[in-house]
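Participant: Have a peek at model.pdb (PDB, C-alpha atoms, pLDDT in the B column).
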```
MODEL        1
ATOM      1  CA  MET T   1       0.037  15.904  22.118  1.00 48.00           C
ATOM      2  CA  ASP T   2       3.691  16.594  21.273  1.00 56.00           C
ATOM      3  CA  THR T   3       4.487  19.591  19.126  1.00 52.00           C
ATOM      4  CA  GLY T   4       7.660  20.772  17.488  1.00 49.00           C
ATOM      5  CA  THR T   5      10.625  18.768  16.330  1.00 51.00           C
ATOM      6  CA  VAL T   6      11.919  16.232  18.830  1.00 54.00           C
ATOM      7  CA  GLY T   7      15.538  16.463  17.731  1.00 51.00           C
ATOM      8  CA  GLU T   8      17.801  16.378  14.714  1.00 51.00           C
ATOM      9  CA  THR T   9      18.837  12.748  15.172  1.00 52.00           C
ATOM     10  CA  ALA T  10      15.566  11.441  16.574  1.00 62.00           C
ATOM     11  CA  SER T  11      14.293   8.518  14.531  1.00 73.00           C
ATOM     12  CA  PRO T  12      10.559   8.539  13.736  1.00 80.00           C
ATOM     13  CA  GLY T  13       8.395   5.732  15.093  1.00 89.00           C
ATOM     14  CA  TRP T  14       7.672   3.752  11.932  1.00 93.00           C
ATOM     15  CA  VAL T  15       4.473   1.690  11.677  1.00 93.00           C
ATOM     16  CA  GLY T  16       4.223  -1.141   9.153  1.00 93.00           C
ATOM     17  CA  LEU T  17       1.101  -2.282   7.345  1.00 93.00           C
ATOM     18  CA  PRO T  18      -1.016  -5.130   8.723  1.00 92.00           C
ATOM     19  CA  GLY T  19      -0.806  -8.569   7.122  1.00 92.00           C
ATOM     20  CA  GLY T  20      -4.276  -8.328   5.580  1.00 93.00           C
ATOM     21  CA  LEU T  21      -2.918  -6.369   2.616  1.00 95.00           C
ATOM     22  CA  LEU T  22      -0.382  -9.090   1.876  1.00 96.00           C
ATOM     23  CA  ALA T  23      -3.098 -11.747   2.126  1.00 96.00           C
ATOM     24  CA  LEU T  24      -5.312  -9.776  -0.283  1.00 96.00           C
ATOM     25  CA  ARG T  25      -2.555  -9.332  -2.854  1.00 96.00           C
ATOM     26  CA  ARG T  26      -1.421 -12.949  -2.632  1.00 97.00           C
ATOM     27  CA  THR T  27      -5.005 -14.175  -2.989  1.00 96.00           C
ATOM     28  CA  LEU T  28      -5.411 -12.092  -6.144  1.00 97.00           C
ATOM     29  CA  LEU T  29      -2.104 -13.466  -7.443  1.00 97.00           C
ATOM     30  CA  ALA T  30      -3.269 -17.046  -6.859  1.00 97.00           C
ATOM     31  CA  ILE T  31      -6.644 -16.452  -8.543  1.00 97.00           C
ATOM     32  CA  TRP T  32      -5.090 -14.815 -11.623  1.00 97.00           C
ATOM     33  CA  THR T  33      -2.414 -17.501 -11.839  1.00 97.00           C
ATOM     34  CA  ILE T  34      -4.988 -20.303 -11.795  1.00 97.00           C
ATOM     35  CA  LEU T  35      -7.098 -18.557 -14.451  1.00 97.00           C
ATOM     36  CA  LEU T  36      -4.071 -17.967 -16.693  1.00 95.00           C
ATOM     37  CA  MET T  37      -2.802 -21.518 -16.234  1.00 95.00           C
ATOM     38  CA  VAL T  38      -6.176 -23.020 -17.150  1.00 94.00           C
ATOM     39  CA  ALA T  39      -6.656 -20.721 -20.154  1.00 94.00           C
ATOM     40  CA  THR T  40      -3.109 -21.308 -21.436  1.00 93.00           C
ATOM     41  CA  GLY T  41      -3.283 -25.070 -20.877  1.00 92.00           C
ATOM     42  CA  VAL T  42      -6.659 -25.466 -22.562  1.00 92.00           C
ATOM     43  CA  LEU T  43      -5.844 -23.250 -25.548  1.00 92.00           C
ATOM     44  CA  LEU T  44      -2.429 -24.809 -26.163  1.00 90.00           C
ATOM     45  CA  GLY T  45      -3.805 -28.296 -25.622  1.00 88.00           C
ATOM     46  CA  LEU T  46      -6.606 -27.788 -28.127  1.00 89.00           C
ATOM     47  CA  PHE T  47      -4.845 -25.820 -30.836  1.00 90.00           C
ATOM     48  CA  VAL T  48      -1.188 -26.872 -30.687  1.00 89.00           C
ATOM     49  CA  GLY T  49      -1.076 -30.237 -28.960  1.00 86.00           C
ATOM     50  CA  PRO T  50      -1.322 -31.829 -25.534  1.00 86.00           C
ATOM     51  CA  GLY T  51       2.440 -31.669 -24.954  1.00 85.00           C
ATOM     52  CA  TRP T  52       2.415 -27.907 -25.344  1.00 85.00           C
ATOM     53  CA  ALA T  53      -0.172 -27.555 -22.575  1.00 85.00           C
ATOM     54  CA  ALA T  54       2.668 -28.066 -20.082  1.00 87.00           C
ATOM     55  CA  LEU T  55       3.813 -24.522 -20.911  1.00 90.00           C
ATOM     56  CA  ALA T  56       0.980 -23.386 -18.659  1.00 90.00           C
ATOM     57  CA  LEU T  57       3.339 -24.192 -15.773  1.00 92.00           C
ATOM     58  CA  VAL T  58       5.304 -21.075 -16.686  1.00 94.00           C
ATOM     59  CA  TRP T  59       2.525 -19.159 -14.931  1.00 94.00           C
ATOM     60  CA  ALA T  60       3.165 -21.169 -11.759  1.00 94.00           C
ATOM     61  CA  ALA T  61       6.842 -20.179 -11.832  1.00 95.00           C
ATOM     62  CA  ALA T  62       5.881 -16.550 -12.382  1.00 96.00           C
ATOM     63  CA  ALA T  63       3.449 -16.780  -9.456  1.00 97.00           C
ATOM     64  CA  ALA T  64       6.168 -18.182  -7.175  1.00 97.00           C
ATOM     65  CA  TRP T  65       8.399 -15.242  -8.081  1.00 97.00           C
ATOM     66  CA  GLY T  66       5.476 -12.823  -7.579  1.00 97.00           C
ATOM     67  CA  TRP T  67       4.726 -14.383  -4.176  1.00 97.00           C
ATOM     68  CA  VAL T  68       8.215 -13.465  -2.971  1.00 97.00           C
ATOM     69  CA  LEU T  69       8.098  -9.983  -4.515  1.00 96.00           C
ATOM     70  CA  LEU T  70       4.727  -9.223  -2.928  1.00 96.00           C
ATOM     71  CA  GLY T  71       6.155 -10.065   0.493  1.00 96.00           C
ATOM     72  CA  ARG T  72       9.157  -7.802  -0.034  1.00 96.00           C
ATOM     73  CA  ASN T  73       6.973  -4.967  -1.291  1.00 95.00           C
ATOM     74  CA  TRP T  74       4.551  -5.313   1.634  1.00 95.00           C
ATOM     75  CA  ARG T  75       7.421  -5.157   4.152  1.00 95.00           C
ATOM     76  CA  SER T  76       8.730  -1.977   2.509  1.00 95.00           C
ATOM     77  CA  TRP T  77       5.539   0.043   3.199  1.00 95.00           C
ATOM     78  CA  ARG T  78       5.551   2.020   6.449  1.00 95.00           C
ATOM     79  CA  TYR T  79       4.476   5.360   7.822  1.00 95.00           C
ATOM     80  CA  ALA T  80       5.382   7.595  10.743  1.00 95.00           C
ATOM     81  CA  GLU T  81       3.521  10.433  12.393  1.00 92.00           C
ATOM     82  CA  ARG T  82       5.892  13.172  13.455  1.00 90.00           C
ATOM     83  CA  ALA T  83       5.148  16.438  15.204  1.00 86.00           C
ATOM     84  CA  ASP T  84       4.958  18.526  12.016  1.00 88.00           C
ATOM     85  CA  ASP T  85       4.467  16.055   9.183  1.00 90.00           C
ATOM     86  CA  LEU T  86       3.582  12.544   8.085  1.00 92.00           C
ATOM     87  CA  LEU T  87       6.235  10.317   6.521  1.00 93.00           C
ATOM     88  CA  ILE T  88       5.342   7.520   4.101  1.00 94.00           C
ATOM     89  CA  SER T  89       8.099   5.181   2.957  1.00 94.00           C
ATOM     90  CA  ARG T  90       7.854   2.434   0.347  1.00 94.00           C
ATOM     91  CA  GLY T  91       9.847   0.596  -2.287  1.00 93.00           C
ATOM     92  CA  VAL T  92      12.315  -2.265  -2.476  1.00 91.00           C
ATOM     93  CA  LEU T  93      14.752  -1.385  -5.244  1.00 91.00           C
ATOM     94  CA  TRP T  94      13.876   2.278  -5.477  1.00 93.00           C
ATOM     95  CA  ARG T  95      12.989   3.616  -2.036  1.00 93.00           C
ATOM     96  CA  GLU T  96      10.523   6.468  -2.035  1.00 93.00           C
ATOM     97  CA  GLU T  97       9.833   8.577   1.005  1.00 92.00           C
ATOM     98  CA  THR T  98       7.024  11.114   0.962  1.00 90.00           C
ATOM     99  CA  VAL T  99       6.848  13.875   3.546  1.00 89.00           C
ATOM    100  CA  VAL T 100       3.444  15.542   3.879  1.00 89.00           C
ATOM    101  CA  PRO T 101       3.366  18.577   6.214  1.00 89.00           C
ATOM    102  CA  TYR T 102       0.158  18.683   8.236  1.00 87.00           C
ATOM    103  CA  GLY T 103      -0.463  22.320   7.315  1.00 85.00           C
ATOM    104  CA  ARG T 104      -0.478  21.471   3.581  1.00 84.00           C
ATOM    105  CA  MET T 105      -3.173  18.795   3.785  1.00 86.00           C
ATOM    106  CA  GLN T 106      -6.457  19.799   2.226  1.00 86.00           C
ATOM    107  CA  LEU T 107      -8.395  16.546   2.319  1.00 89.00           C
ATOM    108  CA  VAL T 108      -7.948  13.193   4.038  1.00 92.00           C
ATOM    109  CA  GLU T 109     -10.101  10.344   2.716  1.00 94.00           C
ATOM    110  CA  VAL T 110     -10.659   6.795   3.897  1.00 95.00           C
ATOM    111  CA  THR T 111     -11.623   4.464   1.054  1.00 95.00           C
ATOM    112  CA  SER T 112     -12.383   0.773   0.974  1.00 95.00           C
ATOM    113  CA  GLY T 113     -13.289  -1.142  -2.174  1.00 94.00           C
ATOM    114  CA  PRO T 114     -15.188  -4.439  -2.211  1.00 95.00           C
ATOM    115  CA  LEU T 115     -12.083  -6.611  -1.960  1.00 93.00           C
ATOM    116  CA  GLU T 116     -10.594  -4.433   0.752  1.00 94.00           C
ATOM    117  CA  ARG T 117     -13.823  -4.663   2.754  1.00 94.00           C
ATOM    118  CA  ARG T 118     -13.830  -8.457   2.332  1.00 94.00           C
ATOM    119  CA  PHE T 119     -10.357  -8.578   3.898  1.00 94.00           C
ATOM    120  CA  GLY T 120     -11.182  -5.943   6.541  1.00 95.00           C
ATOM    121  CA  LEU T 121      -8.955  -3.233   5.087  1.00 96.00           C
ATOM    122  CA  ALA T 122      -9.151   0.456   4.249  1.00 96.00           C
ATOM    123  CA  SER T 123      -6.834   2.994   2.614  1.00 95.00           C
ATOM    124  CA  VAL T 124      -6.049   6.552   3.667  1.00 95.00           C
ATOM    125  CA  GLN T 125      -5.638   9.053   0.815  1.00 93.00           C
ATOM    126  CA  LEU T 126      -4.040  12.437   1.537  1.00 91.00           C
ATOM    127  CA  HIS T 127      -4.665  15.342  -0.839  1.00 88.00           C
ATOM    128  CA  THR T 128      -2.578  18.494  -0.882  1.00 84.00           C
ATOM    129  CA  ALA T 129      -2.605  21.605  -3.069  1.00 78.00           C
ATOM    130  CA  ALA T 130       0.072  20.097  -5.313  1.00 76.00           C
ATOM    131  CA  ALA T 131      -1.165  16.933  -7.024  1.00 68.00           C
ATOM    132  CA  ALA T 132       2.366  15.501  -7.092  1.00 69.00           C
ATOM    133  CA  THR T 133       2.483  15.321  -3.299  1.00 66.00           C
ATOM    134  CA  ASP T 134      -0.734  13.384  -2.816  1.00 71.00           C
ATOM    135  CA  ALA T 135       0.010  10.301  -0.739  1.00 88.00           C
ATOM    136  CA  ARG T 136      -1.740   7.033   0.027  1.00 92.00           C
ATOM    137  CA  ILE T 137      -1.411   4.464   2.796  1.00 95.00           C
ATOM    138  CA  PRO T 138      -3.075   1.199   1.672  1.00 95.00           C
ATOM    139  CA  GLY T 139      -4.201  -1.810   3.666  1.00 93.00           C
ATOM    140  CA  LEU T 140      -4.890  -0.388   7.116  1.00 95.00           C
ATOM    141  CA  ALA T 141      -7.436  -1.757   9.535  1.00 95.00           C
ATOM    142  CA  PRO T 142     -10.605   0.388   9.224  1.00 95.00           C
ATOM    143  CA  ALA T 143     -10.367   1.577  12.846  1.00 95.00           C
ATOM    144  CA  GLU T 144      -6.730   2.627  12.349  1.00 94.00           C
ATOM    145  CA  ALA T 145      -7.590   4.349   9.056  1.00 95.00           C
ATOM    146  CA  GLU T 146     -10.362   6.337  10.736  1.00 95.00           C
ATOM    147  CA  ARG T 147      -8.118   7.203  13.688  1.00 94.00           C
ATOM    148  CA  LEU T 148      -5.385   8.359  11.322  1.00 94.00           C
ATOM    149  CA  ARG T 149      -7.880  10.371   9.256  1.00 94.00           C
ATOM    150  CA  ASP T 150      -9.249  12.126  12.351  1.00 93.00           C
ATOM    151  CA  ARG T 151      -5.780  12.833  13.735  1.00 92.00           C
ATOM    152  CA  LEU T 152      -4.427  14.130  10.424  1.00 91.00           C
ATOM    153  CA  THR T 153      -7.492  16.304   9.905  1.00 89.00           C
ATOM    154  CA  GLU T 154      -7.167  17.732  13.407  1.00 89.00           C
ATOM    155  CA  LEU T 155      -3.440  18.411  12.987  1.00 87.00           C
ATOM    156  CA  GLY T 156      -3.985  19.829   9.497  1.00 82.00           C
ATOM    157  CA  GLU T 157      -6.584  22.295  10.753  1.00 82.00           C
ATOM    158  CA  ALA T 158      -4.347  23.358  13.633  1.00 80.00           C
ATOM    159  CA  ARG T 159      -1.292  23.834  11.390  1.00 72.00           C
ATOM    160  CA  SER T 160      -3.132  25.580   8.530  1.00 68.00           C
ATOM    161  CA  ALA T 161      -4.668  28.082  10.968  1.00 59.00           C
ATOM    162  CA  GLY T 162      -1.155  29.286  11.732  1.00 57.00           C
ATOM    163  CA  LEU T 163      -0.278  29.940   8.062  1.00 54.00           C
TER     164      LEU T 163
ENDMDL
END
```
Taking this structure as input, can you express it in the form of C-alpha cells?

Facilitator:
Amino acid sequence: MDTGTVGETASPGWVGLPGGLLALRRTLLAIWTILLMVATGVLLGLFVGPGWAALALVWAAAAAWGWVLLGRNWRSWRYAERADDLLISRGVLWREETVVPYGRMQLVEVTSGPLERRFGLASVQLHTAAAATDARIPGLAPAEAERLRDRLTELGEARSAGL
C-alpha cells in the first residue's frame, strides 16, 4: 500500500462509473416519457380535440434532449483514490470536485435500492463530521462498492488513529 503524496504534479488515477448507471437512468427516462406522452395525448384528445393530442410529442423531444444530457452527466462522474484522500469529480457545466481525507471519514455505507439491485448497482456514501462534506459515488458494481467501502474504512481507521 502506497502512503504519502506521490508528487505535486502527479495526476490521480481516475475511475469512471460503469455503464449500468446510465442504463438505469435512461430506462427511467423512457418509462416516464411514455407515461407522460400517453397521459398528455389522452387528456388533450378527450378534452380539447384529437389534433391537440399531437402535443404529446413534445415529451418525446424532451426525452431526446434528456437522453443526451444523461450521457454527458454519466461521463462526468469519476473518482480517484489517492494516498491521503478520496477525490470525487462530477458535473458538466459546473464541475464539482470533492476531496475527502481518509482521516475525516466517520462512516462508509454501501446502499442499493430496488432499482439499483435490478441493474446490479450499489452506491457508496461517505459521512464525515461536517455534513457539507458528505460524498456519494452512485452506480458502482456491488463488488467494487464493497471493496471501496472496506478500503476506505481501513484507511480511515489508520489515518484517524494518527490524529

Participant: Select, counting all atoms listed in the file, all protein, DNA and RNA residues no farther than 12 Å from (-3.1, 25.1, 10.5) in file coordinates, and express the selection as a VMD selection string.

Facilitator: chain T and resid 84 to 85 101 to 106 152 to 163

Participant: Exactly which residues make up the result of the PyMOL selection byres ((chain T and resi 51-58) around 9) on this file, given as an MDAnalysis selection string?

Facilitator: chainID T and resid 36:46 48:50 59:63

Participant: Would you mind telling me which residue in T:Arg78, T:Gly16, T:Ile34, T:Gln125 lies nearest to Ser112 in chain T when using all atoms listed in the file?

Facilitator: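 Ranking T:Arg78, T:Gly16, T:Ile34, T:Gln125 by distance to Ser112 in chain T, first place goes to T:Gln125.
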
Participant: Just to confirm, what's the straight-line distance from CA of Ser11 in chain T to CA of Ala80 in chain T in Å (one decimal)?

Facilitator: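 Interatomic distance here is 9.7 Å.
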
Participant: Do you have, as a Markdown table, the list of residues of range 65-123 of chain T lying at most 6 Å from range 130-150 of chain T, each with its nearest atom pair and that distance in Å to one decimal, counting only C-alpha atoms and ordered by chain then number?

Facilitator:
```
| residue | atom | partner | partner_atom | distance |
| --- | --- | --- | --- | --- |
| T:Val108 | CA | T:Arg149 | CA | 5.9 |
| T:Leu121 | CA | T:Ala141 | CA | 4.9 |
| T:Ala122 | CA | T:Pro142 | CA | 5.2 |
| T:Ser123 | CA | T:Pro138 | CA | 4.3 |
```

Participant: Would you kindly translate the PyMOL selection byres ((chain T and resi 67-72) around 8) into the concrete residues it picks from this file, as a list in words?

Facilitator: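 After applying the PyMOL selection byres ((chain T and resi 67-72) around 8), what remains is Leu22, Arg25, Arg26, Leu29, Ala63, Ala64, Trp65, Gly66, Asn73, Trp74, Arg75, Ser76 and Val92 of chain T.
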
Participant: Place all heavy atoms on range 101-112 of chain T and deliver the coordinates as an mmCIF file, in the frame of the given file.

Facilitator:
```cif
data_model
loop_
_atom_site.group_PDB
_atom_site.id
_atom_site.type_symbol
_atom_site.label_atom_id
_atom_site.label_comp_id
_atom_site.auth_asym_id
_atom_site.auth_seq_id
_atom_site.Cartn_x
_atom_site.Cartn_y
_atom_site.Cartn_z
ATOM 1 N N PRO T 101 3.579 17.705 5.047
ATOM 2 C CA PRO T 101 3.366 18.577 6.214
ATOM 3 C C PRO T 101 1.876 18.670 6.544
ATOM 4 O O PRO T 101 1.037 18.763 5.649
ATOM 5 C CB PRO T 101 3.902 19.933 5.755
ATOM 6 C CG PRO T 101 4.728 19.648 4.546
ATOM 7 C CD PRO T 101 4.159 18.417 3.921
ATOM 8 N N TYR T 102 1.563 18.641 7.826
ATOM 9 C CA TYR T 102 0.158 18.683 8.236
ATOM 10 C C TYR T 102 -0.550 19.941 7.733
ATOM 11 O O TYR T 102 -1.707 19.894 7.347
ATOM 12 C CB TYR T 102 0.038 18.603 9.760
ATOM 13 C CG TYR T 102 0.541 17.310 10.349
ATOM 14 C CD1 TYR T 102 1.384 17.314 11.453
ATOM 15 C CD2 TYR T 102 0.176 16.087 9.811
ATOM 16 C CE1 TYR T 102 1.847 16.135 12.010
ATOM 17 C CE2 TYR T 102 0.636 14.904 10.356
ATOM 18 C CZ TYR T 102 1.467 14.936 11.456
ATOM 19 O OH TYR T 102 1.927 13.763 11.991
ATOM 20 N N GLY T 103 0.142 21.054 7.734
ATOM 21 C CA GLY T 103 -0.463 22.320 7.315
ATOM 22 C C GLY T 103 -0.800 22.370 5.838
ATOM 23 O O GLY T 103 -1.571 23.219 5.401
ATOM 24 N N ARG T 104 -0.232 21.482 5.030
ATOM 25 C CA ARG T 104 -0.478 21.471 3.581
ATOM 26 C C ARG T 104 -1.608 20.530 3.172
ATOM 27 O O ARG T 104 -2.017 20.521 2.027
ATOM 28 C CB ARG T 104 0.789 21.075 2.828
ATOM 29 C CG ARG T 104 1.950 21.995 3.054
ATOM 30 C CD ARG T 104 1.693 23.311 2.404
ATOM 31 N NE ARG T 104 2.836 24.198 2.630
ATOM 32 C CZ ARG T 104 2.847 25.437 2.248
ATOM 33 N NH1 ARG T 104 1.799 25.957 1.645
ATOM 34 N NH2 ARG T 104 3.892 26.194 2.482
ATOM 35 N N MET T 105 -2.111 19.742 4.109
ATOM 36 C CA MET T 105 -3.173 18.795 3.785
ATOM 37 C C MET T 105 -4.487 19.534 3.586
ATOM 38 O O MET T 105 -4.869 20.366 4.396
ATOM 39 C CB MET T 105 -3.334 17.766 4.900
ATOM 40 C CG MET T 105 -2.246 16.756 4.944
ATOM 41 S SD MET T 105 -2.629 15.527 6.174
ATOM 42 C CE MET T 105 -1.042 15.345 6.926
ATOM 43 N N GLN T 106 -5.162 19.203 2.493
ATOM 44 C CA GLN T 106 -6.457 19.799 2.226
ATOM 45 C C GLN T 106 -7.603 18.828 2.458
ATOM 46 O O GLN T 106 -8.693 19.228 2.840
ATOM 47 C CB GLN T 106 -6.505 20.306 0.783
ATOM 48 C CG GLN T 106 -5.589 21.463 0.535
ATOM 49 C CD GLN T 106 -5.730 21.996 -0.878
ATOM 50 O OE1 GLN T 106 -6.129 21.271 -1.781
ATOM 51 N NE2 GLN T 106 -5.405 23.260 -1.058
ATOM 52 N N LEU T 107 -7.346 17.541 2.214
ATOM 53 C CA LEU T 107 -8.395 16.546 2.319
ATOM 54 C C LEU T 107 -7.768 15.213 2.707
ATOM 55 O O LEU T 107 -6.722 14.840 2.184
ATOM 56 C CB LEU T 107 -9.116 16.411 0.965
ATOM 57 C CG LEU T 107 -10.187 15.340 0.825
ATOM 58 C CD1 LEU T 107 -11.378 15.668 1.711
ATOM 59 C CD2 LEU T 107 -10.620 15.216 -0.616
ATOM 60 N N VAL T 108 -8.388 14.529 3.635
ATOM 61 C CA VAL T 108 -7.948 13.193 4.038
ATOM 62 C C VAL T 108 -9.147 12.262 3.873
ATOM 63 O O VAL T 108 -10.180 12.472 4.509
ATOM 64 C CB VAL T 108 -7.440 13.165 5.497
ATOM 65 C CG1 VAL T 108 -6.961 11.781 5.864
ATOM 66 C CG2 VAL T 108 -6.339 14.186 5.710
ATOM 67 N N GLU T 109 -9.006 11.268 3.004
ATOM 68 C CA GLU T 109 -10.101 10.344 2.716
ATOM 69 C C GLU T 109 -9.765 8.939 3.197
ATOM 70 O O GLU T 109 -8.607 8.530 3.153
ATOM 71 C CB GLU T 109 -10.327 10.219 1.208
ATOM 72 C CG GLU T 109 -10.888 11.415 0.526
ATOM 73 C CD GLU T 109 -11.081 11.142 -0.958
ATOM 74 O OE1 GLU T 109 -10.146 10.664 -1.616
ATOM 75 O OE2 GLU T 109 -12.180 11.424 -1.432
ATOM 76 N N VAL T 110 -10.787 8.221 3.609
ATOM 77 C CA VAL T 110 -10.659 6.795 3.897
ATOM 78 C C VAL T 110 -11.515 6.078 2.862
ATOM 79 O O VAL T 110 -12.711 6.345 2.761
ATOM 80 C CB VAL T 110 -11.131 6.453 5.326
ATOM 81 C CG1 VAL T 110 -11.130 4.952 5.544
ATOM 82 C CG2 VAL T 110 -10.237 7.134 6.353
ATOM 83 N N THR T 111 -10.897 5.211 2.072
ATOM 84 C CA THR T 111 -11.623 4.464 1.054
ATOM 85 C C THR T 111 -11.451 2.976 1.294
ATOM 86 O O THR T 111 -10.453 2.537 1.874
ATOM 87 C CB THR T 111 -11.117 4.811 -0.359
ATOM 88 O OG1 THR T 111 -9.735 4.482 -0.443
ATOM 89 C CG2 THR T 111 -11.324 6.270 -0.684
ATOM 90 N N SER T 112 -12.429 2.217 0.831
ATOM 91 C CA SER T 112 -12.383 0.773 0.974
ATOM 92 C C SER T 112 -13.238 0.155 -0.127
ATOM 93 O O SER T 112 -14.457 0.268 -0.104
ATOM 94 C CB SER T 112 -12.903 0.370 2.348
ATOM 95 O OG SER T 112 -12.754 -1.002 2.548
#
```
